[in-house]
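A.B. asks: The file below is upload-v4.cif, mmCIF, C-alpha atoms:
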data_start
loop_
_atom_site.label_atom_id
_atom_site.label_comp_id
_atom_site.auth_asym_id
_atom_site.auth_seq_id
_atom_site.Cartn_x
_atom_site.Cartn_y
_atom_site.Cartn_z
CA MET A 70 45.27 -44.64 26.34
CA LYS A 71 45.43 -41.32 28.22
CA LEU A 72 47.07 -43.20 31.10
CA ILE A 73 49.73 -44.56 28.73
CA LYS A 74 50.44 -41.04 27.43
CA ILE A 75 50.93 -39.87 31.00
CA LEU A 76 52.99 -42.84 32.12
CA LEU A 77 55.19 -43.18 29.03
CA PRO A 78 57.28 -40.03 29.66
CA LEU A 79 57.76 -41.13 33.27
CA LEU A 80 58.74 -44.56 32.05
CA MET A 81 61.10 -43.20 29.43
CA LEU A 82 62.82 -40.70 31.67
CA MET A 83 63.37 -42.90 34.74
CA PRO A 84 66.52 -44.77 33.75
CA LEU A 85 68.31 -45.68 36.87
CA ALA A 86 67.21 -49.03 38.32
CA SER A 87 66.29 -50.45 34.93
CA ASP A 88 69.69 -49.53 33.44
CA ALA A 89 71.36 -51.56 36.18
CA GLN A 90 69.14 -54.50 35.26
CA CYS A 91 70.09 -54.00 31.61
CA ARG A 92 73.77 -54.27 32.41
CA ALA A 93 73.16 -57.42 34.46
CA PHE A 94 70.97 -58.86 31.68
CA THR A 95 73.70 -58.14 29.14
CA LYS A 96 76.38 -59.82 31.23
CA ASN A 97 74.37 -62.84 32.29
CA GLN A 98 72.12 -63.57 29.33
CA CYS A 99 73.79 -62.06 26.28
CA LEU A 100 77.54 -62.22 26.81
CA PRO A 101 77.68 -66.07 26.93
CA GLN A 102 76.45 -66.06 23.34
CA LEU A 103 79.77 -64.55 22.27
CA ASP A 104 81.58 -67.68 23.41
CA GLY A 105 84.67 -68.22 21.28
CA TYR A 106 84.88 -64.58 20.25
CA VAL A 107 86.61 -61.69 22.00
CA GLN A 108 84.11 -59.00 22.91
CA ASN A 109 84.46 -55.49 21.59
CA ASP A 110 84.90 -53.20 24.58
CA ASN A 111 81.95 -50.90 23.82
CA TYR A 112 78.69 -51.35 25.70
CA ASN A 113 75.65 -51.09 23.47
CA SER A 114 72.68 -51.89 25.63
CA ALA A 115 69.64 -49.82 26.47
CA MET A 116 66.08 -50.04 27.70
CA LEU A 117 63.78 -49.87 24.70
CA VAL A 118 60.02 -50.01 24.25
CA PRO A 119 57.90 -51.43 21.41
CA GLY A 120 58.06 -49.16 18.41
CA ASP A 121 61.62 -48.04 19.13
CA ASP A 122 64.28 -47.93 16.44
CA ALA A 123 68.01 -47.72 17.04
CA GLU A 124 71.06 -47.76 14.81
CA LEU A 125 74.70 -48.57 15.34
CA LEU A 126 77.50 -47.77 12.89
CA LEU A 127 80.32 -50.28 13.20
CA THR A 128 83.72 -50.74 11.60
CA PHE A 129 84.70 -54.32 10.85
CA TYR A 130 88.31 -55.14 9.97
CA GLY A 131 89.33 -57.18 6.98
CA GLY A 132 90.78 -60.60 7.73
CA LYS A 133 88.71 -61.12 10.84
CA GLU A 134 85.66 -63.12 11.72
CA TYR A 135 82.84 -61.59 13.70
CA ARG A 136 79.77 -62.55 15.62
CA LEU A 137 76.98 -60.06 16.08
CA VAL A 138 74.53 -60.86 18.87
CA ILE A 139 71.20 -59.06 19.24
CA CYS A 140 69.77 -59.86 22.62
CA ALA A 141 66.33 -58.66 23.67
CA HIS A 142 64.58 -59.18 26.96
CA PRO A 143 61.62 -61.57 26.54
CA ILE A 144 59.22 -58.90 27.82
CA LEU A 145 59.69 -57.12 24.50
CA GLY A 146 58.88 -60.22 22.52
CA SER A 147 61.74 -59.85 20.11
CA ALA A 148 63.88 -57.37 18.22
CA ASP A 149 64.12 -57.20 14.44
CA TYR A 150 67.55 -56.36 13.11
CA GLU A 151 69.13 -55.70 9.78
CA VAL A 152 72.76 -55.31 8.75
CA THR A 153 73.32 -52.93 5.83
CA ASP A 154 76.27 -51.24 4.22
CA THR A 155 76.58 -47.46 4.41
CA ASN A 156 74.59 -47.14 1.18
CA GLY A 157 71.67 -48.82 2.91
CA ASP A 158 71.95 -52.03 0.88
CA SER A 159 70.78 -54.93 3.00
CA ILE A 160 73.25 -57.69 3.80
CA PHE A 161 71.39 -59.67 6.44
CA LYS A 162 68.07 -59.57 8.28
CA GLY A 163 67.10 -61.37 11.42
CA ASN A 164 64.91 -61.49 14.50
CA SER A 165 66.24 -62.03 18.01
CA ALA A 166 63.61 -64.66 18.80
CA THR A 167 64.37 -66.92 15.84
CA GLY A 168 68.08 -66.28 15.33
CA ASN A 169 69.79 -63.69 17.46
CA SER A 170 73.35 -64.07 16.19
CA PHE A 171 74.99 -63.48 12.86
CA ASP A 172 78.45 -64.87 12.11
CA PHE A 173 80.40 -63.46 9.21
CA LYS A 174 83.88 -62.99 7.81
CA MET A 175 85.27 -59.75 6.46
CA VAL A 176 87.49 -59.75 3.41
CA ASN A 177 88.26 -56.02 3.68
CA THR A 178 87.63 -53.37 6.30
CA GLN A 179 84.23 -51.82 5.97
CA GLN A 180 81.66 -49.87 7.90
CA LEU A 181 78.32 -51.58 8.33
CA ILE A 182 75.14 -50.41 10.02
CA VAL A 183 73.11 -52.50 12.44
CA LYS A 184 69.49 -51.35 12.52
CA LEU A 185 67.18 -52.41 15.31
CA HIS A 186 63.41 -52.27 15.49
CA ILE A 187 61.27 -53.35 18.42
CA PRO A 188 57.94 -54.50 17.02
CA GLU A 189 54.81 -52.96 18.49
CA GLN A 190 52.66 -55.30 20.53
CA LYS A 191 49.17 -54.63 19.24
CA SER A 192 47.39 -56.64 21.88
CA ALA A 193 49.34 -55.15 24.80
CA VAL A 194 47.36 -53.23 27.37
CA SER A 195 50.39 -51.52 28.87
CA VAL A 196 53.80 -50.51 27.56
CA HIS A 197 56.73 -52.52 28.78
CA GLU A 198 60.33 -51.54 28.39
CA GLY A 199 63.04 -54.14 28.10
CA CYS A 200 66.76 -54.39 27.69
CA VAL A 201 68.19 -54.75 24.21
CA SER A 202 71.92 -55.43 23.73
CA VAL A 203 74.05 -55.40 20.63
CA LEU A 204 77.24 -57.33 21.20
CA VAL A 205 80.15 -57.67 18.78
CA GLY A 206 82.87 -60.28 19.11
CA SER A 207 85.83 -60.97 16.87
CA LYS A 208 88.46 -63.58 16.16
CA GLU A 209 91.08 -64.16 13.51
CA SER A 210 89.66 -65.48 10.28
CA ASN A 211 90.86 -68.98 9.29
CA MET B 393 75.96 -32.19 41.06
CA HIS B 394 76.14 -35.66 39.67
CA ARG B 395 74.46 -35.95 36.24
CA LYS B 396 72.72 -39.05 37.52
CA ASN B 397 70.94 -37.14 40.35
CA ALA B 398 70.15 -34.12 38.17
CA TYR B 399 68.74 -36.34 35.44
CA GLY B 400 66.65 -38.33 37.92
CA LEU B 401 65.30 -35.18 39.55
CA PHE B 402 64.54 -33.62 36.17
CA SER B 403 62.66 -36.69 35.02
CA LEU B 404 60.68 -36.82 38.28
CA LEU B 405 59.70 -33.16 37.95
CA LEU B 406 58.78 -33.55 34.30
CA GLY B 407 56.71 -36.62 35.08
CA PHE B 408 54.79 -34.83 37.81
CA SER B 409 54.26 -31.79 35.63
CA ILE B 410 52.73 -34.00 32.95
CA LEU B 411 50.54 -35.70 35.55
CA LEU B 412 49.33 -32.39 36.92
CA ALA B 413 48.73 -31.06 33.43
CA SER B 414 46.34 -33.87 32.65
CA CYS B 415 44.45 -33.86 35.96
CA GLY B 416 41.17 -32.02 36.01
CA GLU B 417 39.78 -29.75 33.32
CA SER B 418 39.38 -26.27 34.68
CA THR B 419 37.64 -23.86 32.34
CA ASP B 420 39.23 -20.97 34.12
CA GLN B 421 42.91 -21.52 33.26
CA LYS B 422 45.09 -18.57 34.13
CA THR B 423 48.31 -20.22 32.92
CA THR B 424 48.81 -22.01 29.62
CA GLN B 425 49.94 -25.59 29.95
CA PRO B 426 51.73 -27.24 27.03
CA PRO B 427 49.63 -29.94 25.41
CA VAL B 428 50.52 -33.43 26.61
CA GLN B 429 51.33 -34.56 23.04
CA THR B 430 53.93 -31.78 22.59
CA THR B 431 55.54 -32.66 25.93
CA LEU B 432 55.54 -36.33 24.89
CA ASP B 433 57.29 -35.46 21.63
CA SER B 434 59.93 -33.41 23.46
CA ALA B 435 60.50 -36.24 25.89
CA GLU B 436 60.72 -38.72 23.04
CA VAL B 437 63.26 -36.56 21.20
CA ALA B 438 65.35 -36.23 24.36
CA ARG B 439 65.18 -39.96 24.89
CA MET B 440 66.25 -40.72 21.33
CA LYS B 441 69.21 -38.37 21.71
CA GLU B 442 70.25 -40.21 24.85
CA LEU B 443 69.96 -43.54 23.04
CA GLU B 444 72.28 -42.24 20.30
CA LYS B 445 74.91 -41.64 22.97
CA ILE B 446 74.60 -45.22 24.14
CA PHE B 447 74.61 -46.97 20.76
CA PHE B 448 78.14 -46.13 19.68
CA SER B 449 81.12 -48.32 18.93
CA ILE B 450 84.55 -48.12 17.36
CA PRO B 451 86.98 -51.04 17.08
CA SER B 452 88.72 -51.79 20.34
CA PRO B 453 92.48 -51.16 20.77
CA MET B 454 92.87 -54.92 21.16
CA GLU B 455 92.07 -55.39 17.49
CA MET B 456 94.92 -53.06 16.54
CA SER B 457 97.38 -54.80 18.87
CA SER B 458 96.23 -58.10 17.46
CA LEU B 459 97.39 -57.07 13.99
CA ILE B 460 100.73 -55.83 15.33
CA LYS B 461 101.40 -59.24 16.85
CA GLU B 462 100.05 -61.13 13.87
CA LYS B 463 102.54 -59.39 11.58
CA GLY B 464 105.41 -60.70 13.67
CA TYR B 465 106.42 -57.57 15.55
CA GLN B 466 108.04 -57.91 18.93
CA PHE B 467 106.67 -56.68 22.22
CA ASP B 468 108.34 -53.52 23.44
CA GLN B 469 107.51 -52.25 26.90
CA ASN B 470 109.26 -48.96 26.16
CA LYS B 471 106.48 -48.03 23.80
CA LEU B 472 103.96 -47.98 26.65
CA ILE B 473 103.07 -45.50 29.36
CA ALA B 474 104.60 -46.42 32.72
CA THR B 475 102.16 -47.76 35.28
CA SER B 476 104.18 -46.16 38.08
CA ASN B 477 102.87 -42.74 37.06
CA VAL B 478 99.21 -43.53 37.40
CA ASP B 479 98.78 -41.52 40.61
CA LYS B 480 100.11 -38.40 38.94
CA TYR B 481 97.19 -37.98 36.57
CA THR B 482 94.57 -35.68 38.04
CA GLY B 483 91.33 -34.07 36.90
CA GLU B 484 88.43 -36.11 35.56
CA SER B 485 89.02 -35.39 31.87
CA ARG B 486 92.70 -36.27 31.95
CA GLN B 487 92.10 -39.31 34.08
CA ALA B 488 89.39 -40.53 31.71
CA ILE B 489 91.65 -40.17 28.68
CA MET B 490 94.46 -41.91 30.57
CA LEU B 491 92.11 -44.71 31.55
CA GLY B 492 91.66 -45.25 27.83
CA VAL B 493 95.41 -45.06 27.22
CA TYR B 494 96.12 -47.60 29.96
CA GLY B 495 93.35 -49.77 28.54
CA ALA B 496 95.04 -49.79 25.14
CA ASP B 497 98.38 -50.63 26.76
CA LEU B 498 96.67 -53.36 28.76
CA SER B 499 95.27 -54.82 25.53
CA TYR B 500 98.76 -54.71 24.02
CA THR B 501 100.34 -56.57 26.95
CA ALA B 502 97.53 -59.14 26.94
CA ILE B 503 97.80 -59.73 23.19
CA PHE B 504 101.55 -60.31 23.58
CA ASP B 505 100.88 -62.67 26.47
CA GLN B 506 102.88 -60.61 28.94
CA LYS B 507 101.24 -62.03 32.03
CA GLN B 508 102.82 -60.05 34.84
CA MET B 509 102.64 -56.82 32.91
CA THR B 510 98.98 -57.42 32.10
CA MET B 511 98.31 -57.70 35.82
CA GLU B 512 100.22 -54.46 36.44
CA TYR B 513 98.35 -52.53 33.76
CA PHE B 514 95.04 -53.83 34.99
CA ALA B 515 95.90 -52.76 38.52
CA ALA B 516 96.91 -49.31 37.23
CA ALA B 517 93.62 -48.99 35.34
CA GLN B 518 91.71 -50.03 38.42
CA LYS B 519 93.55 -47.49 40.56
CA LEU B 520 92.74 -44.73 38.11
CA ALA B 521 89.09 -45.80 37.92
CA ARG B 522 88.79 -45.73 41.70
CA SER B 523 90.26 -42.24 41.91
CA MET B 524 87.59 -41.19 39.40
CA GLY B 525 84.88 -42.58 41.65
CA VAL B 526 84.20 -45.54 39.36
CA ASP B 527 83.78 -48.27 41.92
CA GLY B 528 81.44 -50.65 40.18
CA ALA B 529 83.73 -51.66 37.32
CA LEU B 530 87.28 -53.02 37.04
CA THR B 531 86.55 -54.86 40.25
CA ASN B 532 88.79 -57.06 42.40
CA ASP B 533 87.08 -60.22 41.22
CA LEU B 534 88.26 -59.41 37.68
CA ILE B 535 91.83 -59.10 38.96
CA GLU B 536 91.40 -62.44 40.71
CA ARG B 537 90.11 -64.01 37.50
CA LEU B 538 93.04 -62.57 35.55
CA ASP B 539 95.44 -63.96 38.11
CA LYS B 540 93.75 -67.35 38.02
CA HIS B 541 93.86 -67.55 34.21
CA GLN B 542 97.35 -66.18 33.63
CA GLU B 543 98.41 -69.31 31.79
CA ASN B 544 95.56 -69.08 29.32
CA ARG B 545 96.03 -66.22 26.86
CA ASP B 546 92.54 -66.52 25.40
CA SER B 547 90.97 -66.27 28.83
CA MET B 548 93.11 -63.23 29.61
CA LEU B 549 91.93 -61.53 26.42
CA HIS B 550 88.31 -62.29 27.25
CA ILE B 551 88.65 -60.92 30.77
CA VAL B 552 90.38 -57.72 29.64
CA SER B 553 87.77 -57.06 26.96
CA GLU B 554 84.93 -57.85 29.30
CA ALA B 555 86.40 -55.51 31.91
CA TYR B 556 86.49 -52.51 29.60
CA ALA B 557 83.08 -53.25 28.10
CA ASP B 558 81.68 -53.42 31.61
CA LEU B 559 83.42 -50.17 32.51
CA ASN B 560 81.81 -48.59 29.44
CA GLY B 561 78.45 -49.98 30.54
CA TYR B 562 78.87 -48.85 34.13
CA LEU B 563 79.55 -45.28 33.04
CA LYS B 564 76.59 -45.21 30.64
CA GLU B 565 74.34 -46.67 33.31
CA ASN B 566 75.45 -43.99 35.77
CA GLN B 567 74.96 -41.13 33.32
CA ARG B 568 78.68 -40.52 32.93
CA ILE B 569 78.54 -41.02 29.19
CA GLU B 570 80.98 -38.16 28.47
CA VAL B 571 83.54 -39.89 30.65
CA SER B 572 83.05 -43.12 28.71
CA ALA B 573 83.52 -41.16 25.46
CA MET B 574 86.84 -39.78 26.71
CA ILE B 575 88.03 -43.24 27.70
CA VAL B 576 87.20 -44.56 24.23
CA ALA B 577 89.00 -41.60 22.64
CA GLY B 578 92.06 -42.12 24.85
CA GLY B 579 92.20 -45.77 23.88
CA TRP B 580 91.93 -44.91 20.20
CA ILE B 581 94.73 -42.33 20.39
CA GLU B 582 97.07 -44.81 22.08
CA ALA B 583 96.21 -47.60 19.63
CA LEU B 584 96.84 -45.26 16.70
CA TYR B 585 100.13 -44.15 18.21
CA LEU B 586 101.31 -47.75 18.71
CA SER B 587 100.34 -48.72 15.18
CA THR B 588 102.16 -45.72 13.66
CA ILE B 589 105.29 -46.59 15.64
CA TYR B 590 105.31 -50.09 14.20
CA GLY B 591 103.87 -49.04 10.84
CA ASN B 592 106.81 -46.75 10.13
CA ASP B 593 108.82 -49.68 8.83
CA GLY B 594 106.60 -49.88 5.77
CA SER B 595 104.37 -52.80 6.71
CA THR B 596 101.58 -52.78 4.13
CA ASP B 597 98.97 -54.29 6.40
CA LEU B 598 99.67 -51.91 9.27
CA ARG B 599 99.73 -48.99 6.90
CA GLN B 600 96.35 -50.08 5.56
CA ARG B 601 95.01 -50.41 9.11
CA ILE B 602 96.21 -46.90 9.89
CA ALA B 603 94.42 -45.60 6.78
CA GLU B 604 91.26 -47.43 7.87
CA GLN B 605 91.24 -45.46 11.10
CA LYS B 606 89.67 -42.74 8.98
CA TYR B 607 86.36 -44.55 9.50
CA ALA B 608 86.75 -44.99 13.23
CA LEU B 609 87.84 -41.39 13.71
CA ASN B 610 84.98 -39.96 11.67
CA ASN B 611 82.58 -42.06 13.73
CA LEU B 612 84.24 -40.93 16.96
CA MET B 613 84.06 -37.26 15.97
CA SER B 614 80.38 -37.54 15.03
CA TYR B 615 79.80 -39.15 18.40
CA LEU B 616 81.62 -36.43 20.31
CA ASP B 617 79.55 -33.84 18.43
CA LYS B 618 76.42 -35.28 20.05
CA PHE B 619 77.57 -33.89 23.40
CA GLY B 620 77.49 -30.32 22.18
CA ASP B 621 80.09 -27.78 23.13
CA THR B 622 80.93 -29.11 26.59
CA THR B 623 84.05 -27.83 28.28
CA SER B 624 85.33 -31.27 29.16
CA LEU B 625 85.34 -32.45 25.54
CA LYS B 626 86.27 -29.20 23.80
CA GLU B 627 90.03 -29.61 23.92
CA LEU B 628 89.90 -33.30 23.05
CA ARG B 629 87.66 -32.64 20.06
CA SER B 630 89.96 -29.89 18.89
CA ASP B 631 92.98 -32.20 19.09
CA LEU B 632 91.21 -35.05 17.32
CA LYS B 633 90.06 -32.62 14.64
CA THR B 634 93.68 -31.99 13.68
CA ILE B 635 94.10 -35.73 13.03
CA GLN B 636 90.79 -35.83 11.20
CA ASP B 637 92.01 -33.01 8.96
CA ALA B 638 95.14 -35.06 8.22
CA TYR B 639 92.98 -38.03 7.32
CA ALA B 640 91.47 -35.93 4.55
CA GLY B 641 94.66 -36.99 2.75
CA VAL B 642 93.49 -40.62 2.86
CA GLY B 643 91.62 -41.06 -0.39
CA GLU B 644 88.55 -43.28 -0.61
CA ASN B 645 87.50 -44.85 -3.88
CA LYS B 646 83.94 -45.98 -3.20
CA GLY B 647 82.86 -49.31 -4.57
CA LYS B 648 80.23 -51.89 -3.82
CA THR B 649 79.59 -54.43 -1.11
CA THR B 650 79.87 -58.09 -2.00
CA SER B 651 78.65 -61.09 -0.08
CA SER B 652 78.93 -64.82 -0.55
CA LYS B 653 79.08 -67.95 1.58
CA ASP B 654 82.14 -70.04 2.25
CA ASP B 655 82.23 -73.84 2.44
CA SER B 656 81.02 -73.81 6.03
CA GLY B 657 78.03 -71.64 5.14
CA THR B 658 79.42 -68.56 6.88
CA MET B 659 78.74 -65.30 5.10
CA VAL B 660 81.78 -63.61 3.66
CA ILE B 661 81.43 -59.84 3.22
CA GLY B 662 83.72 -57.79 1.05
CA THR B 663 83.88 -54.46 -0.66
CA THR B 664 85.48 -53.00 -3.75
CA THR B 665 85.98 -49.69 -1.91
CA THR B 666 89.66 -48.88 -1.51
CA LEU B 667 91.61 -46.46 0.64
CA SER B 668 94.92 -44.90 -0.39
CA MET B 669 97.43 -43.09 1.78
CA ASP B 670 100.75 -41.60 0.66
CA ASP B 671 103.91 -41.35 2.76
CA ALA B 672 103.38 -37.69 3.56
CA THR B 673 99.90 -38.31 4.96
CA LEU B 674 101.15 -41.24 7.03
CA ALA B 675 103.99 -39.11 8.41
CA THR B 676 101.59 -36.31 9.35
CA ILE B 677 99.20 -38.72 11.06
CA ALA B 678 102.07 -40.35 12.94
CA THR B 679 103.41 -36.99 14.13
CA LEU B 680 99.99 -35.80 15.26
CA ALA B 681 99.28 -39.08 17.06
CA LYS B 682 102.58 -38.81 18.89
CA ASN B 683 102.10 -35.15 19.81
CA ILE B 684 98.55 -35.57 21.07
CA ARG B 685 99.48 -38.69 22.97
CA THR B 686 102.39 -36.84 24.56
CA LYS B 687 100.16 -33.92 25.47
CA TYR B 688 97.80 -36.08 27.52
CA THR B 689 100.34 -38.48 29.00
CA ALA B 690 103.08 -36.01 29.91
CA LEU B 691 103.52 -35.32 33.61
#
Write out the structure in this file as structure tokens.
C.D. replies:
Amino acid sequence: MKLIKILLPLLMLMPLASDAQCRAFTKNQCLPQLDGYVQNDNYNSAMLVPGDDAELLLTFYGGKEYRLVICAHPILGSADYEVTDTNGDSIFKGNSATGNSFDFKMVNTQQLIVKLHIPEQKSAVSVHEGCVSVLVGSKESN
Amino acid sequence: MHRKNAYGLFSLLLGFSILLASCGESTDQKTTQPPVQTTLDSAEVARMKELEKIFFSIPSPMEMSSLIKEKGYQFDQNKLIATSNVDKYTGESRQAIMLGVYGADLSYTAIFDQKQMTMEYFAAAQKLARSMGVDGALTNDLIERLDKHQENRDSMLHIVSEAYADLNGYLKENQRIEVSAMIVAGGWIEALYLSTIYGNDGSTDLRQRIAEQKYALNNLMSYLDKFGDTTSLKELRSDLKTIQDAYAGVGENKGKTTSSKDDSGTMVIGTTTTLSMDDATLATIATLAKNIRTKYTAL
């Protein structure tokens, strides 16, 4: 446990090589899941560890159809995600292992929040970090 | 000194200091070392702050151009910034904002299926990126793919979007997050400018989309605030603040979120929240968008 406390700051503050892998992971493993949708041009990928939480405030335009993809490296197990409105009311919940994309249509323009949580791995001996990507694609609503 | 090297060196030094702090247990300590837990918390806080700078998104300029085309407006090259001037933009901040502006113009040409012009704007963006030392994004293979797929509009749109997302990722990966923020801001300014030019004819949908930029701008300003009072962003933030102040005139009547499923089982999300914008507010926003755009694009 002491070793983890020593290594974790090193792990968390050494971004360089792993960030490059995250970008490659996003392009090769996650991006294909947006097939049929045009990708938003913001990059929302980072190396996370079990126990991490992250949040992303997004604006979705009325009259369009969207796909949200939550892609987590298998080393993390999975990522839990929830889509809420800005009041915190839940709209959709999912887990990247069982269903990592959420398709929806917007009637009107609205801001929604995507909340991520990386579950802790209770049986893990060491802490692994892994890439997590949030991708948004859009197309005209039929 | 590159942020990337400074950050790496800092993290290495911090890591070693933590390691040294936990090695051995001398009873005769002449200097006080911070407890490991406190250092861990500080590192965790710093890490979370860095993550907040990565997880940020506003709608891409392509979505704005998409509405302009959808409403039947015609393509007008004269509304765009000339690609021939790309070499005249100097200084990292200005170049970053212009990279966003060119990106928005590139999205506009791609949406309107202007093949040759899309290639020209992509080449201009690439030239600007190279002069900024961004070599790992907007690469030649993307230009080759654009060239190869010129006859397929959907493919062109995918490639353009992918290119700018990858540029955004490259900059974040290389600890040039402020630069990526300026590119995003530049793209937003240009997209707003284009929409106000077209929206002046009274189009309800465009007018509504302009009002909705209140959300994107508030999000963008909150994001820029995360970088503190840095010199490179100070002027940009000040300029965007003037537009944000104008958007105070866009009224929001908060309602509730609704959700249902359509016949195909796809979730349909709506809201009873409404935005209202009068002519005077629209005119002010349009003028500010034009002035700020002119300020950064003028030679």
A.B. asks: Determine, counting all atoms listed in the file, which protein, DNA and RNA residues have an atom within 9 Å of an atom of Ala115 in chain A; residues of the same chain fewer than 6 positions away are not included. Present the result as an NGL selection string.
C.D. replies: (:A and (88 or 91-92 or 199-202)) or (:B and (443 or 446-447 or 565))
A.B. asks: Carefully work through the PyMOL selection byres ((chain B) within 7 of (chain A)) for this structure and note down the residues it includes, as an MDAnalysis selection string.
C.D. replies: chainID B and resid 400 403 407 410:411 432 435 439 446:452 549:550 553:554 556:558 560:561 565 608 658:663
A.B. asks: Check the smallest atom-to-atom distance from each of B:Gly641, B:Ala573, B:Gln542, B:Ser595 to Met613 in chain B using all atoms listed in the file, then report the winner.
C.D. replies: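 Of B:Gly641, B:Ala573, B:Gln542, B:Ser595, the one nearest Met613 in chain B, counting all atoms listed in the file, is B:Ala573.
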A.B. asks: For Ala148 in chain A, which residue out of A:His186, A:Tyr135, A:Ser170, A:Gln102 is the nearest one, using only C-alpha atoms?
C.D. replies: A:His186
A.B. asks: Would you work out the distance separating CA of Ile575 in chain B from CA of Gln487 in chain B, expressed in Å to one decimal?
C.D. replies: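 Answer for the CA of Ile575 in chain B to CA of Gln487 in chain B separation: 8.5 Å.
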A.B. asks: Near Val571 in chain B, within 12 Å and counting all atoms listed in the file, which residues show up once chain neighbours fewer than 6 positions away are dropped, as an MDAnalysis selection string?
C.D. replies: chainID B and resid 395 445 483:492 521 524:526 559:565 577:578 616 619 622 624:625 628
A.B. asks: Which protein, DNA or RNA residues have an atom at most 9 Å from (65.2, -56.4, 11.8), counting all atoms listed in the file? List them as a list of chain:residue names.
C.D. replies: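 The distance filter leaves exactly A:Ala148, A:Asp149, A:Tyr150, A:Glu151, A:Val152, A:Phe161, A:Lys162, A:Gly163, A:Asn164, A:Ser165, A:Val183, A:Lys184, A:Leu185, A:His186, A:Ile187.
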A.B. asks: Could you list, as number ranges by chain, every residue matched by the PyMOL selection byres ((chain A and resi 142) around 8) in this structure?
C.D. replies: A: 94, 140-141, 143-147, 199-201
A.B. asks: Of the candidates A:His197, A:Ile182, A:Gln190, A:Ser210, which one gets nearest to Asn611 in chain B if we count only C-alpha atoms?
C.D. replies: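 Of A:His197, A:Ile182, A:Gln190, A:Ser210, the one nearest Asn611 in chain B, counting only C-alpha atoms, is A:Ile182.
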A.B. asks: With all atoms listed in the file as the atoms that count, which of B:Val552, B:Leu632, B:Leu520, B:Ala675 lies nearest to Thr482 in chain B?
C.D. replies: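 Closest to Thr482 in chain B of all the choices is B:Leu520.
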A.B. asks: Please, what distance in Å, to one decimal, runs between CA of Pro453 in chain B and CA of Ala496 in chain B?
C.D. replies: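 We find that CA of Pro453 in chain B and CA of Ala496 in chain B lie 5.2 Å from each other.
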A.B. asks: Starting from the displayed file, determine the output of the PyMOL selection byres ((chain B and resi 478) around 12) and express the residue list as a ChimeraX atom specification.
C.D. replies: /B:473-477,479-482,486-488,490-491,493-494,512-523,689-691
A.B. asks: Select, from B:Glu627, B:Met669, B:Tyr500, B:Tyr688, the residue with the minimum atom-to-atom distance to Ala583 in chain B, counting all atoms listed in the file.
C.D. replies: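 Of B:Glu627, B:Met669, B:Tyr500, B:Tyr688, the one nearest Ala583 in chain B, counting all atoms listed in the file, is B:Tyr500.
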A.B. asks: Looking at all atoms listed in the file, which of B:Glu455, B:Asp617, B:Asp468, B:Asp497 is the one that sits closest to Lys441 in chain B?
C.D. replies: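 Ranking B:Glu455, B:Asp617, B:Asp468, B:Asp497 by distance to Lys441 in chain B, first place goes to B:Asp617.
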A.B. asks: Separation of CA of Phe467 in chain B and CA of Thr634 in chain B, in Å?
C.D. replies: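 Distance reported for this atom pair: 29.2 Å.
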A.B. asks: Set the distance at 7 Å and use all atoms listed in the file: which residues neighbour Thr510 in chain B once local chain neighbours fewer than 4 positions away are removed? I'd like the list as a PDB file with C-alpha atoms, in the coordinates of the input.
C.D. replies:
ATOM      1  CA  LEU B 498      96.670 -53.360  28.760  1.00  0.00           C
ATOM      2  CA  THR B 501     100.340 -56.570  26.950  1.00  0.00           C
ATOM      3  CA  ALA B 502      97.530 -59.140  26.940  1.00  0.00           C
ATOM      4  CA  GLN B 506     102.880 -60.610  28.940  1.00  0.00           C
ATOM      5  CA  PHE B 514      95.040 -53.830  34.990  1.00  0.00           C
TER       6      PHE B 514
END
A.B. asks: Take range 457-464 of chain B, model N, CA and C atoms, and hand the result over as a compact mmCIF listing (two decimals), in the frame of the given file.
C.D. replies:
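Writing done, so here's selection.txt:
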# COMPACT_ATOMS: atom_id res chain seq x y z
N SER B 457 96.23 -54.07 18.32
CA SER B 457 97.38 -54.80 18.87
C SER B 457 97.45 -56.20 18.29
N SER B 458 96.29 -56.76 18.03
CA SER B 458 96.23 -58.10 17.46
C SER B 458 96.94 -58.14 16.11
N LEU B 459 96.74 -57.12 15.29
CA LEU B 459 97.39 -57.07 13.99
C LEU B 459 98.90 -56.89 14.13
N ILE B 460 99.30 -56.06 15.08
CA ILE B 460 100.73 -55.83 15.33
C ILE B 460 101.42 -57.15 15.64
N LYS B 461 100.80 -57.95 16.49
CA LYS B 461 101.40 -59.24 16.85
C LYS B 461 101.37 -60.21 15.68
N GLU B 462 100.25 -60.21 15.00
CA GLU B 462 100.05 -61.13 13.87
C GLU B 462 101.11 -60.93 12.80
N LYS B 463 101.56 -59.70 12.63
CA LYS B 463 102.54 -59.39 11.58
C LYS B 463 103.97 -59.65 12.05
N GLY B 464 104.09 -60.24 13.23
CA GLY B 464 105.41 -60.70 13.67
C GLY B 464 106.24 -59.68 14.41
